[in-house]
Structures are given as structure tokens and as C-alpha cells.
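A.B. asks: Let me give you the structure first, and then I'll get to my questions.
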Amino acid sequence: MKAVLQRVSEARVVVDGQTVGEIAHGLMVLLCAEKGDTEAVGQKMLDKILKLRVFYDDAGKMNRSVTDVNGGLLVVSQFTLAADTSSGTRPSFTSAAPADEGRRLYDWFVAQAKAQHPLVQTGIFGADMKVHLVNDGPVTIPITIIGA
């Protein structure tokens with residue numbers, strides 16, 4: 001499973017002109033399920049995201065988590081994180097989970113996130129989404145979890 005986290009001061013997802021998910025400060029989470037991923041991998045990813053210290057403490061050090069700062073999570077499915085660009089100029093997405101499995105793992109991840117964190121918003125799996133955000137820092141962190 002792969003994710004790209006962006007620390008944001010605000011973020012929203014728009015589908016067909018309507019805002020479907022929106023947070024103030026927190027983390028924008030672009031999430032990709034890959035072939036072979038399981039709920040255990042997803043839980044490991046969620047644990048990492050909720051505990052990752054990317055927010056400043058009073059001394060100006062990145063020492064606080066999204067949980068510590070009562071920040072939001074905006075979770076958006078993004079199969080293109082599985083892109084293989086090692087050959088040619090057209091990316092291959094063969095390592096991405098098939099759509100039905102990707103949706104199942106995304107829905108599972110979101111349900112777990114909502115059970116463990118008070119503010120979770122989402123995009124719509126498989127939709128053509130417009131993502132608007134203000135990257136705070138900028139801070140952008142890629143995470144890969146393999147097996148669990």
C-alpha cells in the first residue's frame with residue numbers, strides 16, 4: 001500500500017462541481033492499494049499516518065502528529081501512485097489492486113480511520129475528482145507499507 005501525505009492548512013475534493021470532502025488543517029492522504037495488500041497492511045498504514053510527527057510543537061520542531069493537533073484527514077483514492085515509469089513514457093499501473101479490491105480496501109481503510117480519528121473526510125472512489133489544497137510548509141511525505 002502506498003500513500004502520499006501532504007500537511008495542509010486546508011483541503012477539499014470536488015466532484016461534478018460539488019464539494020464532497022473538506023478539512024481545515026490536517027493531512028491530505030492520497031491512498032493506493034496494490035495487488036496483494038490486506039487489511040493488516042492497511043492498519044499498519046493507518047497507524048503510521050495517525051502517529052507520524054509532521055506538525056510543529058511549541059519549540060518549532062516537527063514533533064506532533066495529526067492526532068496531537070486535532071487535525072483532519074482527507075482520504076482520497078489514487079491508483080496512479082502505483083505507476084511504473086521505468087520503461088517508456090507511458091506509465092503502467094499493473095501493480096495497482098484491481099478496482100473491486102482497491103475499492104474494498106479503500107472503504108475498509110476509511111471505516112477504520114473514522115473509528116480511530118474524529119475528523120475524516122473522503123473523496124469518491126473512482127470518480128473524476130478535483131483536489132484543492134494549501135500545502136503547509138510545504139510538507140509532503142511518501143509512505144510505502146509492504147506486507148504485514
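For the C-alpha cells, the naming scheme is as follows: chains receive sequential letters (A, B, ...) according to their order of presentation, residues are indexed from 1 within each chain, and ligands are indexed from 1 in presentation order.
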According to DSSP computed on the backbone, where in chain A is there strand (DSSP E or B)? Give the residues as a PDB file with C-alpha atoms, in the first residue's frame.
C.D. replies:
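This is the output file out-v8.pdb:
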ATOM      1  CA  LYS A   2       1.244   3.440  -0.863  1.00  0.00           C
ATOM      2  CA  ALA A   3       0.269   6.861   0.382  1.00  0.00           C
ATOM      3  CA  VAL A   4       1.401  10.405  -0.137  1.00  0.00           C
ATOM      4  CA  LEU A   5       0.689  12.699   2.805  1.00  0.00           C
ATOM      5  CA  GLN A   6       0.562  16.445   2.475  1.00  0.00           C
ATOM      6  CA  ARG A   7       0.348  18.621   5.557  1.00  0.00           C
ATOM      7  CA  VAL A   8      -2.324  21.153   4.692  1.00  0.00           C
ATOM      8  CA  SER A   9      -3.852  24.279   6.138  1.00  0.00           C
ATOM      9  CA  GLU A  10      -6.975  23.444   4.116  1.00  0.00           C
ATOM     10  CA  ALA A  11      -8.056  20.898   1.510  1.00  0.00           C
ATOM     11  CA  ARG A  12     -11.196  19.867  -0.325  1.00  0.00           C
ATOM     12  CA  VAL A  13     -12.325  17.456  -3.007  1.00  0.00           C
ATOM     13  CA  VAL A  14     -14.849  18.478  -5.649  1.00  0.00           C
ATOM     14  CA  VAL A  15     -16.839  16.043  -7.828  1.00  0.00           C
ATOM     15  CA  GLN A  18     -19.901  19.766  -5.544  1.00  0.00           C
ATOM     16  CA  THR A  19     -17.541  19.648  -2.551  1.00  0.00           C
ATOM     17  CA  VAL A  20     -17.672  16.054  -1.261  1.00  0.00           C
ATOM     18  CA  GLY A  21     -14.933  16.244   1.389  1.00  0.00           C
ATOM     19  CA  GLU A  22     -13.230  19.131   3.146  1.00  0.00           C
ATOM     20  CA  ILE A  23     -10.861  19.728   6.076  1.00  0.00           C
ATOM     21  CA  GLY A  26      -4.508  18.307   8.870  1.00  0.00           C
ATOM     22  CA  LEU A  27      -3.325  15.737   6.350  1.00  0.00           C
ATOM     23  CA  MET A  28      -4.323  15.173   2.761  1.00  0.00           C
ATOM     24  CA  VAL A  29      -3.905  11.419   2.256  1.00  0.00           C
ATOM     25  CA  LEU A  30      -3.607  10.113  -1.301  1.00  0.00           C
ATOM     26  CA  LEU A  31      -4.021   6.338  -0.909  1.00  0.00           C
ATOM     27  CA  CYS A  32      -3.258   3.466  -3.302  1.00  0.00           C
ATOM     28  CA  GLU A  34      -1.709  -2.557  -4.596  1.00  0.00           C
ATOM     29  CA  PHE A  55       3.303  19.100  12.841  1.00  0.00           C
ATOM     30  CA  TYR A  56       5.289  21.669  14.818  1.00  0.00           C
ATOM     31  CA  MET A  62       8.105  18.588  13.800  1.00  0.00           C
ATOM     32  CA  ASN A  63       7.169  16.618  16.876  1.00  0.00           C
ATOM     33  CA  ARG A  64       3.350  16.376  16.839  1.00  0.00           C
ATOM     34  CA  GLY A  72      -8.398  16.371   9.899  1.00  0.00           C
ATOM     35  CA  LEU A  73      -7.710  13.591   7.434  1.00  0.00           C
ATOM     36  CA  LEU A  74      -8.895  13.926   3.849  1.00  0.00           C
ATOM     37  CA  VAL A  75      -8.502  10.463   2.311  1.00  0.00           C
ATOM     38  CA  VAL A  76      -8.587  10.230  -1.487  1.00  0.00           C
ATOM     39  CA  SER A  77      -8.118   7.073  -3.555  1.00  0.00           C
ATOM     40  CA  ASP A  84       5.704   2.139 -13.000  1.00  0.00           C
ATOM     41  CA  SER A  92       1.991   1.135 -16.276  1.00  0.00           C
ATOM     42  CA  ALA A  96      -2.405  -1.414  -8.576  1.00  0.00           C
ATOM     43  CA  VAL A 120     -12.140  12.058   8.482  1.00  0.00           C
ATOM     44  CA  GLN A 121     -13.417  13.216   5.105  1.00  0.00           C
ATOM     45  CA  THR A 122     -13.077  11.480   1.739  1.00  0.00           C
ATOM     46  CA  LYS A 130     -10.664  17.962  -8.399  1.00  0.00           C
ATOM     47  CA  VAL A 131      -8.436  18.277  -5.343  1.00  0.00           C
ATOM     48  CA  HIS A 132      -7.800  21.735  -3.925  1.00  0.00           C
ATOM     49  CA  LEU A 133      -5.276  22.179  -1.139  1.00  0.00           C
ATOM     50  CA  VAL A 134      -2.869  24.538   0.503  1.00  0.00           C
ATOM     51  CA  ASN A 135       0.252  22.519   1.279  1.00  0.00           C
ATOM     52  CA  ASP A 136       1.564  23.814   4.609  1.00  0.00           C
ATOM     53  CA  GLY A 137       5.356  24.010   4.634  1.00  0.00           C
ATOM     54  CA  PRO A 138       5.353  22.511   2.083  1.00  0.00           C
ATOM     55  CA  VAL A 139       5.461  19.123   3.759  1.00  0.00           C
ATOM     56  CA  THR A 140       4.906  16.096   1.522  1.00  0.00           C
ATOM     57  CA  ILE A 141       5.722  12.588   2.781  1.00  0.00           C
ATOM     58  CA  PRO A 142       5.551   9.372   0.727  1.00  0.00           C
ATOM     59  CA  ILE A 143       4.860   6.137   2.645  1.00  0.00           C
ATOM     60  CA  THR A 144       5.002   2.543   1.420  1.00  0.00           C
TER      61      THR A 144
END
A.B. asks: Using only C-alpha atoms, which protein or nucleic acid residues come within 12 Å of Thr94 (chain A)? Drop anything in the same chain fewer than 6 positions from it, and give the result as a list of chain:residue names.
C.D. replies: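 The residues satisfying every condition are A:Ala33, A:Glu34, A:Lys35, A:Phe79, A:Thr80, A:Leu81, A:Ala82, A:Ala83, A:Asp84, A:Thr85.
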A.B. asks: Restricted to N, CA and C atoms, what would the selected residues look like written as a JSON list (two decimals), in the first residue's frame?
C.D. replies:
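The result, stored in part38.json:
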[["chain", "number", "residue", "atom", "x", "y", "z"],
["A", 33, "ALA", "N", -4.10, 1.22, -3.03],
["A", 33, "ALA", "CA", -3.99, -0.20, -2.71],
["A", 33, "ALA", "C", -3.33, -0.91, -3.88],
["A", 34, "GLU", "N", -2.40, -1.79, -3.56],
["A", 34, "GLU", "CA", -1.71, -2.56, -4.60],
["A", 34, "GLU", "C", -2.08, -4.03, -4.49],
["A", 35, "LYS", "N", -1.81, -4.77, -5.56],
["A", 35, "LYS", "CA", -2.08, -6.20, -5.57],
["A", 35, "LYS", "C", -1.43, -6.85, -4.35],
["A", 79, "PHE", "N", -5.06, 5.50, -7.53],
["A", 79, "PHE", "CA", -4.38, 4.32, -8.06],
["A", 79, "PHE", "C", -3.11, 4.69, -8.82],
["A", 80, "THR", "N", -2.98, 5.94, -9.27],
["A", 80, "THR", "CA", -1.80, 6.32, -10.05],
["A", 80, "THR", "C", -0.52, 6.32, -9.22],
["A", 81, "LEU", "N", -0.62, 6.19, -7.90],
["A", 81, "LEU", "CA", 0.59, 6.06, -7.08],
["A", 81, "LEU", "C", 1.30, 4.75, -7.37],
["A", 82, "ALA", "N", 0.60, 3.80, -8.00],
["A", 82, "ALA", "CA", 1.21, 2.51, -8.36],
["A", 82, "ALA", "C", 1.94, 2.59, -9.69],
["A", 83, "ALA", "N", 2.05, 3.75, -10.27],
["A", 83, "ALA", "CA", 2.66, 3.91, -11.60],
["A", 83, "ALA", "C", 4.08, 3.36, -11.64],
["A", 84, "ASP", "N", 4.35, 2.60, -12.69],
["A", 84, "ASP", "CA", 5.70, 2.14, -13.00],
["A", 84, "ASP", "C", 6.14, 2.91, -14.23],
["A", 85, "THR", "N", 7.14, 3.76, -14.06],
["A", 85, "THR", "CA", 7.63, 4.59, -15.16],
["A", 85, "THR", "C", 9.02, 4.18, -15.61]]
A.B. asks: What is the distance between CA of Ile146 (chain A) and CA of His25 (chain A), in Å to one decimal?
C.D. replies: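 That distance, rounded to one decimal, is 28.6 Å.
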A.B. asks: If we count only C-alpha atoms and set the cut-off at 8 Å, which residues sit around Gly42 (chain A), ignoring sequence neighbours fewer than 3 positions away in its own chain? Please answer as number ranges by chain.
C.D. replies: A: 1, 37-39, 45-46, 105, 109
A.B. asks: Since we have the selection now, will you write its residues out, keeping N, CA and C atoms, as an mmCIF file, in the first residue's frame?
C.D. replies:
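Produced file part.cif, reproduced below:
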data_model
loop_
_atom_site.group_PDB
_atom_site.id
_atom_site.type_symbol
_atom_site.label_atom_id
_atom_site.label_comp_id
_atom_site.auth_asym_id
_atom_site.auth_seq_id
_atom_site.Cartn_x
_atom_site.Cartn_y
_atom_site.Cartn_z
ATOM 1 N N MET A 1 0.858 -1.171 0.000
ATOM 2 C CA MET A 1 0.000 0.000 0.000
ATOM 3 C C MET A 1 0.896 1.223 0.000
ATOM 4 N N ASP A 37 -2.266 -6.431 -1.213
ATOM 5 C CA ASP A 37 -2.480 -5.702 0.043
ATOM 6 C C ASP A 37 -3.633 -6.325 0.825
ATOM 7 N N THR A 38 -3.547 -6.207 2.136
ATOM 8 C CA THR A 38 -4.539 -6.792 3.042
ATOM 9 C C THR A 38 -4.963 -5.742 4.060
ATOM 10 N N GLU A 39 -5.949 -6.101 4.875
ATOM 11 C CA GLU A 39 -6.364 -5.208 5.957
ATOM 12 C C GLU A 39 -5.217 -4.970 6.938
ATOM 13 N N MET A 45 -0.609 1.004 7.753
ATOM 14 C CA MET A 45 -0.557 2.320 7.099
ATOM 15 C C MET A 45 -1.292 3.358 7.941
ATOM 16 N N LEU A 46 -2.489 3.030 8.387
ATOM 17 C CA LEU A 46 -3.272 3.962 9.196
ATOM 18 C C LEU A 46 -2.546 4.314 10.487
ATOM 19 N N LEU A 105 -10.584 -2.289 -0.124
ATOM 20 C CA LEU A 105 -9.541 -1.881 0.824
ATOM 21 C C LEU A 105 -9.645 -0.396 1.175
ATOM 22 N N PHE A 109 -10.247 0.962 4.848
ATOM 23 C CA PHE A 109 -9.316 1.928 5.427
ATOM 24 C C PHE A 109 -10.080 3.139 5.979
#
A.B. asks: To test your reading of the structure, identify every residue in chain A that backbone DSSP assigns to alpha helix (DSSP H), and report it as a ChimeraX atom specification.
C.D. replies: /A:39-51,99-116
A.B. asks: Find the residues near Lys51 (chain A): any atom within 8 Å, counting only C-alpha atoms, skip ones fewer than 6 places away on the same chain, and give them as an mmCIF file with N, CA and C atoms, in the first residue's frame.
C.D. replies:
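Result file is result09.cif:
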data_model
loop_
_atom_site.group_PDB
_atom_site.id
_atom_site.type_symbol
_atom_site.label_atom_id
_atom_site.label_comp_id
_atom_site.auth_asym_id
_atom_site.auth_seq_id
_atom_site.Cartn_x
_atom_site.Cartn_y
_atom_site.Cartn_z
ATOM 1 N N SER A 65 1.746 14.789 15.992
ATOM 2 C CA SER A 65 1.004 14.031 14.985
ATOM 3 C C SER A 65 -0.310 14.735 14.663
ATOM 4 N N VAL A 66 -1.001 14.243 13.643
ATOM 5 C CA VAL A 66 -2.317 14.778 13.300
ATOM 6 C C VAL A 66 -3.286 14.583 14.466
ATOM 7 N N THR A 67 -3.108 13.508 15.208
ATOM 8 C CA THR A 67 -3.927 13.263 16.393
ATOM 9 C C THR A 67 -3.632 14.308 17.466
#
A.B. asks: What is the CA of Leu52 (chain A)-CA of Ser95 (chain A) distance in Å, reported with one decimal?
C.D. replies: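 Distance reported for this atom pair: 25.8 Å.
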A.B. asks: Using only C-alpha atoms, which residues sit within 9 Å of Lys44 (chain A) once same-chain residues fewer than 4 positions away are excluded, as number ranges by chain?
C.D. replies: A: 39-40, 48-49, 145, 148
A.B. asks: Which one of A:Leu50, A:Ala97, A:Val41, A:Ala24 sits closest to Ala113 (chain A) if you count only C-alpha atoms?
C.D. replies: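 Looking only at the distances to Ala113 (chain A), the closest residue turns out to be A:Leu50.
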A.B. asks: Which residue gives the smallest distance to Gly102 (chain A) among A:Lys61, A:Gly36, A:Gly147, A:Arg53, with only C-alpha atoms counted?
C.D. replies: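 Smallest separation from Gly102 (chain A) among the options: A:Gly36.
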